[in-house]
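Working notes for the structure below.
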Amino acid sequence: MVQALGEFREDSEAVEALRAFCTKGDDSALVESEAARAFGQARASDAVKVLTAMLERPAFMDVIATGALDGLAASRMKEAWKPVLKLTAYGSPAFARRAAVAAMARLAEVCERKHEAVDVLTPLLADAQFRVQMAAIDAAATLNDERMMGPLLSSPYLD
């Protein structure tokens, strides 16, 4: 149910309901995660502020932060770039980091940061965490930038 509310961008009641889930939380981390995705999709004016605050909420397998990162990407707002980029760094929580890599690729064009995204993604193709490497490969496909061809072809996973 929460997920569907993101489709109603022009409906202030739907957006307000999503904002409430995102700011007050829910007993279920999965509901919070889906609310974050939908809130970003609804593109509320305060989406980046609300979703960035959710990045710090602890949850099993970083499920809330992952939803917030997906929401930040769905928001298509330039202000989302910095919090997303920050979580691509080694040392960030593993599941959130993978979601940040995907979100960065989705935001790169709208934020006019494709060149920077390529610079960030290239070393992630050889990251210490295998799943981050896989996320970087997927992100390279999303970016669809020819500068990624050389690094991708040298990846041991694309034989």
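Ordered as shown in the structure tokens, chains take letters A, B, and onward, while each chain numbers its residues from 1 and ligands are numbered from 1 in the order shown.
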As an mmCIF file with N, CA and C atoms, in the first residue's frame, please: all residues of region 14-136 of chain A that backbone DSSP puts in helix (DSSP H, G or I).
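So out-v6.cif came out as:
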```cif
data_model
loop_
_atom_site.group_PDB
_atom_site.id
_atom_site.type_symbol
_atom_site.label_atom_id
_atom_site.label_comp_id
_atom_site.auth_asym_id
_atom_site.auth_seq_id
_atom_site.Cartn_x
_atom_site.Cartn_y
_atom_site.Cartn_z
ATOM 1 N N ALA A 14 -1.556 12.073 -0.046
ATOM 2 C CA ALA A 14 -0.659 10.930 -0.236
ATOM 3 C C ALA A 14 0.773 11.313 0.136
ATOM 4 N N VAL A 15 1.207 12.480 -0.322
ATOM 5 C CA VAL A 15 2.564 12.944 -0.014
ATOM 6 C C VAL A 15 2.728 13.152 1.483
ATOM 7 N N GLU A 16 1.725 13.699 2.138
ATOM 8 C CA GLU A 16 1.789 13.922 3.584
ATOM 9 C C GLU A 16 1.830 12.594 4.344
ATOM 10 N N ALA A 17 1.082 11.614 3.887
ATOM 11 C CA ALA A 17 1.109 10.292 4.520
ATOM 12 C C ALA A 17 2.498 9.670 4.403
ATOM 13 N N LEU A 18 3.102 9.802 3.238
ATOM 14 C CA LEU A 18 4.459 9.276 3.043
ATOM 15 C C LEU A 18 5.465 10.020 3.926
ATOM 16 N N ARG A 19 5.330 11.334 3.992
ATOM 17 C CA ARG A 19 6.222 12.143 4.838
ATOM 18 C C ARG A 19 6.132 11.664 6.290
ATOM 19 N N ALA A 20 4.924 11.368 6.751
ATOM 20 C CA ALA A 20 4.728 10.903 8.126
ATOM 21 C C ALA A 20 5.439 9.572 8.362
ATOM 22 N N PHE A 21 5.318 8.642 7.421
ATOM 23 C CA PHE A 21 6.022 7.360 7.551
ATOM 24 C C PHE A 21 7.535 7.585 7.607
ATOM 25 N N CYS A 22 8.002 8.502 6.794
ATOM 26 C CA CYS A 22 9.441 8.744 6.688
ATOM 27 C C CYS A 22 9.995 9.497 7.900
ATOM 28 N N THR A 23 9.238 10.389 8.470
ATOM 29 C CA THR A 23 9.756 11.178 9.592
ATOM 30 C C THR A 23 9.490 10.524 10.936
ATOM 31 N N LYS A 24 8.320 9.919 11.101
ATOM 32 C CA LYS A 24 7.961 9.317 12.391
ATOM 33 C C LYS A 24 8.366 7.858 12.494
ATOM 34 N N ALA A 29 10.596 -1.925 9.551
ATOM 35 C CA ALA A 29 11.643 -1.271 8.759
ATOM 36 C C ALA A 29 11.347 -1.396 7.268
ATOM 37 N N LEU A 30 10.691 -2.476 6.878
ATOM 38 C CA LEU A 30 10.349 -2.657 5.469
ATOM 39 C C LEU A 30 9.323 -1.626 5.003
ATOM 40 N N VAL A 31 8.379 -1.295 5.876
ATOM 41 C CA VAL A 31 7.401 -0.256 5.534
ATOM 42 C C VAL A 31 8.108 1.087 5.398
ATOM 43 N N GLU A 32 9.023 1.387 6.313
ATOM 44 C CA GLU A 32 9.787 2.635 6.225
ATOM 45 C C GLU A 32 10.579 2.695 4.928
ATOM 46 N N SER A 33 11.186 1.587 4.566
ATOM 47 C CA SER A 33 11.976 1.521 3.351
ATOM 48 C C SER A 33 11.118 1.803 2.121
ATOM 49 N N GLU A 34 9.963 1.173 2.042
ATOM 50 C CA GLU A 34 9.068 1.389 0.898
ATOM 51 C C GLU A 34 8.506 2.804 0.899
ATOM 52 N N ALA A 35 8.240 3.332 2.083
ATOM 53 C CA ALA A 35 7.757 4.717 2.176
ATOM 54 C C ALA A 35 8.822 5.679 1.648
ATOM 55 N N ALA A 36 10.072 5.415 1.958
ATOM 56 C CA ALA A 36 11.167 6.267 1.484
ATOM 57 C C ALA A 36 11.255 6.242 -0.038
ATOM 58 N N ARG A 37 11.159 5.058 -0.620
ATOM 59 C CA ARG A 37 11.177 4.944 -2.075
ATOM 60 C C ARG A 37 10.024 5.744 -2.692
ATOM 61 N N ALA A 38 8.839 5.557 -2.134
ATOM 62 C CA ALA A 38 7.656 6.230 -2.662
ATOM 63 C C ALA A 38 7.732 7.744 -2.455
ATOM 64 N N PHE A 39 8.276 8.175 -1.328
ATOM 65 C CA PHE A 39 8.392 9.612 -1.053
ATOM 66 C C PHE A 39 9.329 10.270 -2.070
ATOM 67 N N GLY A 40 10.417 9.602 -2.381
ATOM 68 C CA GLY A 40 11.313 10.113 -3.418
ATOM 69 C C GLY A 40 10.631 10.158 -4.762
ATOM 70 N N GLN A 41 9.880 9.131 -5.060
ATOM 71 C CA GLN A 41 9.163 9.061 -6.330
ATOM 72 C C GLN A 41 8.112 10.166 -6.425
ATOM 73 N N ALA A 42 7.522 10.532 -5.302
ATOM 74 C CA ALA A 42 6.511 11.596 -5.282
ATOM 75 C C ALA A 42 7.148 12.969 -5.506
ATOM 76 N N ALA A 47 12.026 16.255 -0.103
ATOM 77 C CA ALA A 47 12.414 14.844 -0.200
ATOM 78 C C ALA A 47 13.865 14.602 0.204
ATOM 79 N N VAL A 48 14.788 15.417 -0.271
ATOM 80 C CA VAL A 48 16.202 15.183 0.034
ATOM 81 C C VAL A 48 16.453 15.326 1.534
ATOM 82 N N LYS A 49 15.900 16.336 2.146
ATOM 83 C CA LYS A 49 16.080 16.549 3.587
ATOM 84 C C LYS A 49 15.524 15.372 4.391
ATOM 85 N N VAL A 50 14.316 14.970 4.098
ATOM 86 C CA VAL A 50 13.666 13.884 4.838
ATOM 87 C C VAL A 50 14.392 12.559 4.611
ATOM 88 N N LEU A 51 14.727 12.257 3.361
ATOM 89 C CA LEU A 51 15.368 10.981 3.043
ATOM 90 C C LEU A 51 16.798 10.917 3.555
ATOM 91 N N THR A 52 17.503 12.032 3.538
ATOM 92 C CA THR A 52 18.870 12.048 4.077
ATOM 93 C C THR A 52 18.854 11.737 5.568
ATOM 94 N N ALA A 53 17.866 12.238 6.284
ATOM 95 C CA ALA A 53 17.749 11.936 7.716
ATOM 96 C C ALA A 53 17.518 10.441 7.948
ATOM 97 N N MET A 54 16.868 9.782 7.019
ATOM 98 C CA MET A 54 16.590 8.346 7.162
ATOM 99 C C MET A 54 17.833 7.485 6.969
ATOM 100 N N PHE A 60 18.173 -3.941 10.057
ATOM 101 C CA PHE A 60 18.799 -5.155 9.547
ATOM 102 C C PHE A 60 19.062 -4.998 8.059
ATOM 103 N N MET A 61 20.279 -5.320 7.659
ATOM 104 C CA MET A 61 20.717 -5.250 6.268
ATOM 105 C C MET A 61 20.524 -3.853 5.663
ATOM 106 N N ASP A 62 20.577 -2.832 6.506
ATOM 107 C CA ASP A 62 20.482 -1.437 6.054
ATOM 108 C C ASP A 62 19.235 -1.185 5.216
ATOM 109 N N VAL A 63 18.152 -1.864 5.532
ATOM 110 C CA VAL A 63 16.969 -1.798 4.679
ATOM 111 C C VAL A 63 16.365 -0.396 4.629
ATOM 112 N N ILE A 64 16.419 0.354 5.710
ATOM 113 C CA ILE A 64 15.860 1.718 5.681
ATOM 114 C C ILE A 64 16.751 2.629 4.850
ATOM 115 N N ALA A 65 18.043 2.566 5.067
ATOM 116 C CA ALA A 65 18.973 3.392 4.286
ATOM 117 C C ALA A 65 18.895 3.042 2.810
ATOM 118 N N THR A 66 18.746 1.771 2.499
ATOM 119 C CA THR A 66 18.632 1.346 1.106
ATOM 120 C C THR A 66 17.384 1.958 0.457
ATOM 121 N N GLY A 67 16.275 1.924 1.166
ATOM 122 C CA GLY A 67 15.055 2.545 0.652
ATOM 123 C C GLY A 67 15.211 4.046 0.482
ATOM 124 N N ALA A 68 15.887 4.675 1.449
ATOM 125 C CA ALA A 68 16.112 6.121 1.367
ATOM 126 C C ALA A 68 17.002 6.468 0.174
ATOM 127 N N LEU A 69 18.015 5.654 -0.088
ATOM 128 C CA LEU A 69 18.888 5.891 -1.242
ATOM 129 C C LEU A 69 18.131 5.712 -2.557
ATOM 130 N N ASP A 70 17.292 4.697 -2.614
ATOM 131 C CA ASP A 70 16.460 4.510 -3.806
ATOM 132 C C ASP A 70 15.527 5.706 -3.978
ATOM 133 N N GLY A 71 14.988 6.206 -2.862
ATOM 134 C CA GLY A 71 14.126 7.380 -2.902
ATOM 135 C C GLY A 71 14.868 8.620 -3.359
ATOM 136 N N LEU A 72 16.105 8.783 -2.888
ATOM 137 C CA LEU A 72 16.905 9.923 -3.326
ATOM 138 C C LEU A 72 17.136 9.877 -4.835
ATOM 139 N N ALA A 73 17.415 8.696 -5.346
ATOM 140 C CA ALA A 73 17.605 8.561 -6.796
ATOM 141 C C ALA A 73 16.305 8.860 -7.536
ATOM 142 N N ALA A 74 15.190 8.377 -7.011
ATOM 143 C CA ALA A 74 13.893 8.594 -7.662
ATOM 144 C C ALA A 74 13.472 10.060 -7.622
ATOM 145 N N SER A 75 13.973 10.792 -6.638
ATOM 146 C CA SER A 75 13.605 12.209 -6.514
ATOM 147 C C SER A 75 14.114 13.041 -7.686
ATOM 148 N N LYS A 78 19.005 17.502 -7.679
ATOM 149 C CA LYS A 78 20.453 17.700 -7.665
ATOM 150 C C LYS A 78 21.037 17.651 -6.257
ATOM 151 N N GLU A 79 20.276 18.064 -5.268
ATOM 152 C CA GLU A 79 20.755 18.060 -3.884
ATOM 153 C C GLU A 79 20.966 16.640 -3.347
ATOM 154 N N ALA A 80 20.430 15.652 -4.018
ATOM 155 C CA ALA A 80 20.567 14.263 -3.572
ATOM 156 C C ALA A 80 21.967 13.713 -3.836
ATOM 157 N N TRP A 81 22.715 14.359 -4.722
ATOM 158 C CA TRP A 81 24.022 13.844 -5.125
ATOM 159 C C TRP A 81 24.978 13.660 -3.940
ATOM 160 N N LYS A 82 25.137 14.674 -3.105
ATOM 161 C CA LYS A 82 26.128 14.608 -2.020
ATOM 162 C C LYS A 82 25.868 13.477 -1.028
ATOM 163 N N PRO A 83 24.657 13.330 -0.479
ATOM 164 C CA PRO A 83 24.459 12.222 0.464
ATOM 165 C C PRO A 83 24.618 10.852 -0.177
ATOM 166 N N VAL A 84 24.244 10.746 -1.453
ATOM 167 C CA VAL A 84 24.409 9.470 -2.155
ATOM 168 C C VAL A 84 25.895 9.182 -2.363
ATOM 169 N N LEU A 85 26.614 10.149 -2.869
ATOM 170 C CA LEU A 85 28.045 9.973 -3.121
ATOM 171 C C LEU A 85 28.797 9.592 -1.843
ATOM 172 N N LYS A 86 28.442 10.223 -0.746
ATOM 173 C CA LYS A 86 29.104 9.953 0.539
ATOM 174 C C LYS A 86 29.031 8.469 0.910
ATOM 175 N N ALA A 94 27.612 -1.960 4.228
ATOM 176 C CA ALA A 94 27.704 -2.709 2.965
ATOM 177 C C ALA A 94 26.455 -2.632 2.092
ATOM 178 N N PHE A 95 25.295 -2.894 2.651
ATOM 179 C CA PHE A 95 24.081 -2.901 1.828
ATOM 180 C C PHE A 95 23.727 -1.495 1.368
ATOM 181 N N ALA A 96 23.918 -0.525 2.242
ATOM 182 C CA ALA A 96 23.661 0.866 1.865
ATOM 183 C C ALA A 96 24.648 1.298 0.786
ATOM 184 N N ARG A 97 25.857 0.842 0.888
ATOM 185 C CA ARG A 97 26.881 1.206 -0.088
ATOM 186 C C ARG A 97 26.503 0.729 -1.486
ATOM 187 N N ARG A 98 26.029 -0.487 -1.570
ATOM 188 C CA ARG A 98 25.597 -1.011 -2.870
ATOM 189 C C ARG A 98 24.445 -0.190 -3.431
ATOM 190 N N ALA A 99 23.500 0.167 -2.582
ATOM 191 C CA ALA A 99 22.365 0.981 -3.037
ATOM 192 C C ALA A 99 22.835 2.370 -3.453
ATOM 193 N N ALA A 100 23.837 2.898 -2.775
ATOM 194 C CA ALA A 100 24.369 4.222 -3.114
ATOM 195 C C ALA A 100 25.034 4.202 -4.487
ATOM 196 N N VAL A 101 25.716 3.124 -4.806
ATOM 197 C CA VAL A 101 26.353 2.999 -6.124
ATOM 198 C C VAL A 101 25.279 3.038 -7.218
ATOM 199 N N ALA A 102 24.208 2.300 -7.010
ATOM 200 C CA ALA A 102 23.113 2.290 -7.991
ATOM 201 C C ALA A 102 22.442 3.658 -8.071
ATOM 202 N N ALA A 103 22.218 4.284 -6.926
ATOM 203 C CA ALA A 103 21.567 5.595 -6.901
ATOM 204 C C ALA A 103 22.427 6.647 -7.590
ATOM 205 N N MET A 104 23.730 6.565 -7.377
ATOM 206 C CA MET A 104 24.636 7.517 -8.010
ATOM 207 C C MET A 104 24.512 7.440 -9.537
ATOM 208 N N ALA A 105 24.466 6.241 -10.055
ATOM 209 C CA ALA A 105 24.345 6.076 -11.508
ATOM 210 C C ALA A 105 23.023 6.646 -12.014
ATOM 211 N N ARG A 106 21.964 6.473 -11.254
ATOM 212 C CA ARG A 106 20.655 6.992 -11.664
ATOM 213 C C ARG A 106 20.602 8.513 -11.602
ATOM 214 N N LEU A 107 21.355 9.104 -10.688
ATOM 215 C CA LEU A 107 21.357 10.556 -10.521
ATOM 216 C C LEU A 107 22.363 11.279 -11.421
ATOM 217 N N ALA A 108 23.354 10.576 -11.915
ATOM 218 C CA ALA A 108 24.482 11.213 -12.603
ATOM 219 C C ALA A 108 24.063 12.159 -13.721
ATOM 220 N N LYS A 114 27.997 13.031 -14.703
ATOM 221 C CA LYS A 114 28.387 11.760 -15.316
ATOM 222 C C LYS A 114 29.893 11.523 -15.250
ATOM 223 N N HIS A 115 30.670 12.560 -15.496
ATOM 224 C CA HIS A 115 32.123 12.411 -15.468
ATOM 225 C C HIS A 115 32.583 11.997 -14.068
ATOM 226 N N GLU A 116 32.050 12.651 -13.057
ATOM 227 C CA GLU A 116 32.396 12.297 -11.679
ATOM 228 C C GLU A 116 31.936 10.881 -11.341
ATOM 229 N N ALA A 117 30.767 10.493 -11.831
ATOM 230 C CA ALA A 117 30.257 9.146 -11.582
ATOM 231 C C ALA A 117 31.201 8.093 -12.173
ATOM 232 N N VAL A 118 31.697 8.345 -13.364
ATOM 233 C CA VAL A 118 32.659 7.423 -13.981
ATOM 234 C C VAL A 118 33.913 7.325 -13.118
ATOM 235 N N ASP A 119 34.390 8.458 -12.625
ATOM 236 C CA ASP A 119 35.577 8.468 -11.766
ATOM 237 C C ASP A 119 35.361 7.688 -10.474
ATOM 238 N N VAL A 120 34.159 7.746 -9.932
ATOM 239 C CA VAL A 120 33.853 7.018 -8.694
ATOM 240 C C VAL A 120 33.660 5.532 -8.987
ATOM 241 N N LEU A 121 32.956 5.221 -10.057
ATOM 242 C CA LEU A 121 32.644 3.823 -10.376
ATOM 243 C C LEU A 121 33.849 2.997 -10.798
ATOM 244 N N THR A 122 34.762 3.585 -11.521
ATOM 245 C CA THR A 122 35.883 2.819 -12.072
ATOM 246 C C THR A 122 36.644 2.038 -11.004
ATOM 247 N N PRO A 123 37.086 2.647 -9.904
ATOM 248 C CA PRO A 123 37.779 1.840 -8.899
ATOM 249 C C PRO A 123 36.866 0.838 -8.181
ATOM 250 N N LEU A 124 35.561 1.096 -8.180
ATOM 251 C CA LEU A 124 34.636 0.177 -7.514
ATOM 252 C C LEU A 124 34.495 -1.141 -8.274
ATOM 253 N N PHE A 130 32.791 -7.918 -3.077
ATOM 254 C CA PHE A 130 32.314 -8.478 -4.338
ATOM 255 C C PHE A 130 30.980 -7.870 -4.772
ATOM 256 N N ARG A 131 30.052 -7.723 -3.847
ATOM 257 C CA ARG A 131 28.736 -7.203 -4.206
ATOM 258 C C ARG A 131 28.787 -5.735 -4.634
ATOM 259 N N VAL A 132 29.749 -4.998 -4.141
ATOM 260 C CA VAL A 132 29.939 -3.627 -4.603
ATOM 261 C C VAL A 132 30.459 -3.653 -6.034
ATOM 262 N N GLN A 133 31.338 -4.594 -6.345
ATOM 263 C CA GLN A 133 31.812 -4.748 -7.720
ATOM 264 C C GLN A 133 30.633 -5.013 -8.658
ATOM 265 N N MET A 134 29.736 -5.904 -8.248
ATOM 266 C CA MET A 134 28.572 -6.223 -9.074
ATOM 267 C C MET A 134 27.654 -4.998 -9.223
ATOM 268 N N ALA A 135 27.494 -4.240 -8.143
ATOM 269 C CA ALA A 135 26.682 -3.014 -8.219
ATOM 270 C C ALA A 135 27.327 -2.005 -9.166
ATOM 271 N N ALA A 136 28.652 -1.941 -9.164
ATOM 272 C CA ALA A 136 29.366 -1.015 -10.046
ATOM 273 C C ALA A 136 29.192 -1.419 -11.512
#
```
* To do: In Å, rounded to a single decimal, give me how far CA of Ala126 (chain A) is from CA of Ala139 (chain A).
  =>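 Distance reported for this atom pair: 13.7 Å.
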* Between CA of Arg113 (chain A) and CA of Met77 (chain A), what is the spacing in Å? ->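 Straight-line distance from CA of Met77 (chain A) to CA of Arg113 (chain A) works out to 12.3 Å.
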* Take CA of Leu87 (chain A) and CA of Leu153 (chain A) and report the distance between them in Å, one decimal. => 25.7 Å
* Counting only C-alpha atoms, the option among A:Cys111, A:Ser12, A:Ser28, A:Ser154 closest to Arg43 (chain A) -> A:Ser12
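The shortest atom-to-atom distance to Gln129 (chain A), with only C-alpha atoms taken into account, belongs to A:Ala89 out of A:Met148, A:Met1, A:Leu55, A:Ala89.
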* To do: Name the closest residue to Tyr90 (chain A) among the candidates A:Glu56, A:Asp145, A:Asp127, A:Glu109; distances are taken between atoms, counting only C-alpha atoms.
  =>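 The shortest atom-to-atom distance to Tyr90 (chain A) comes from A:Asp127.
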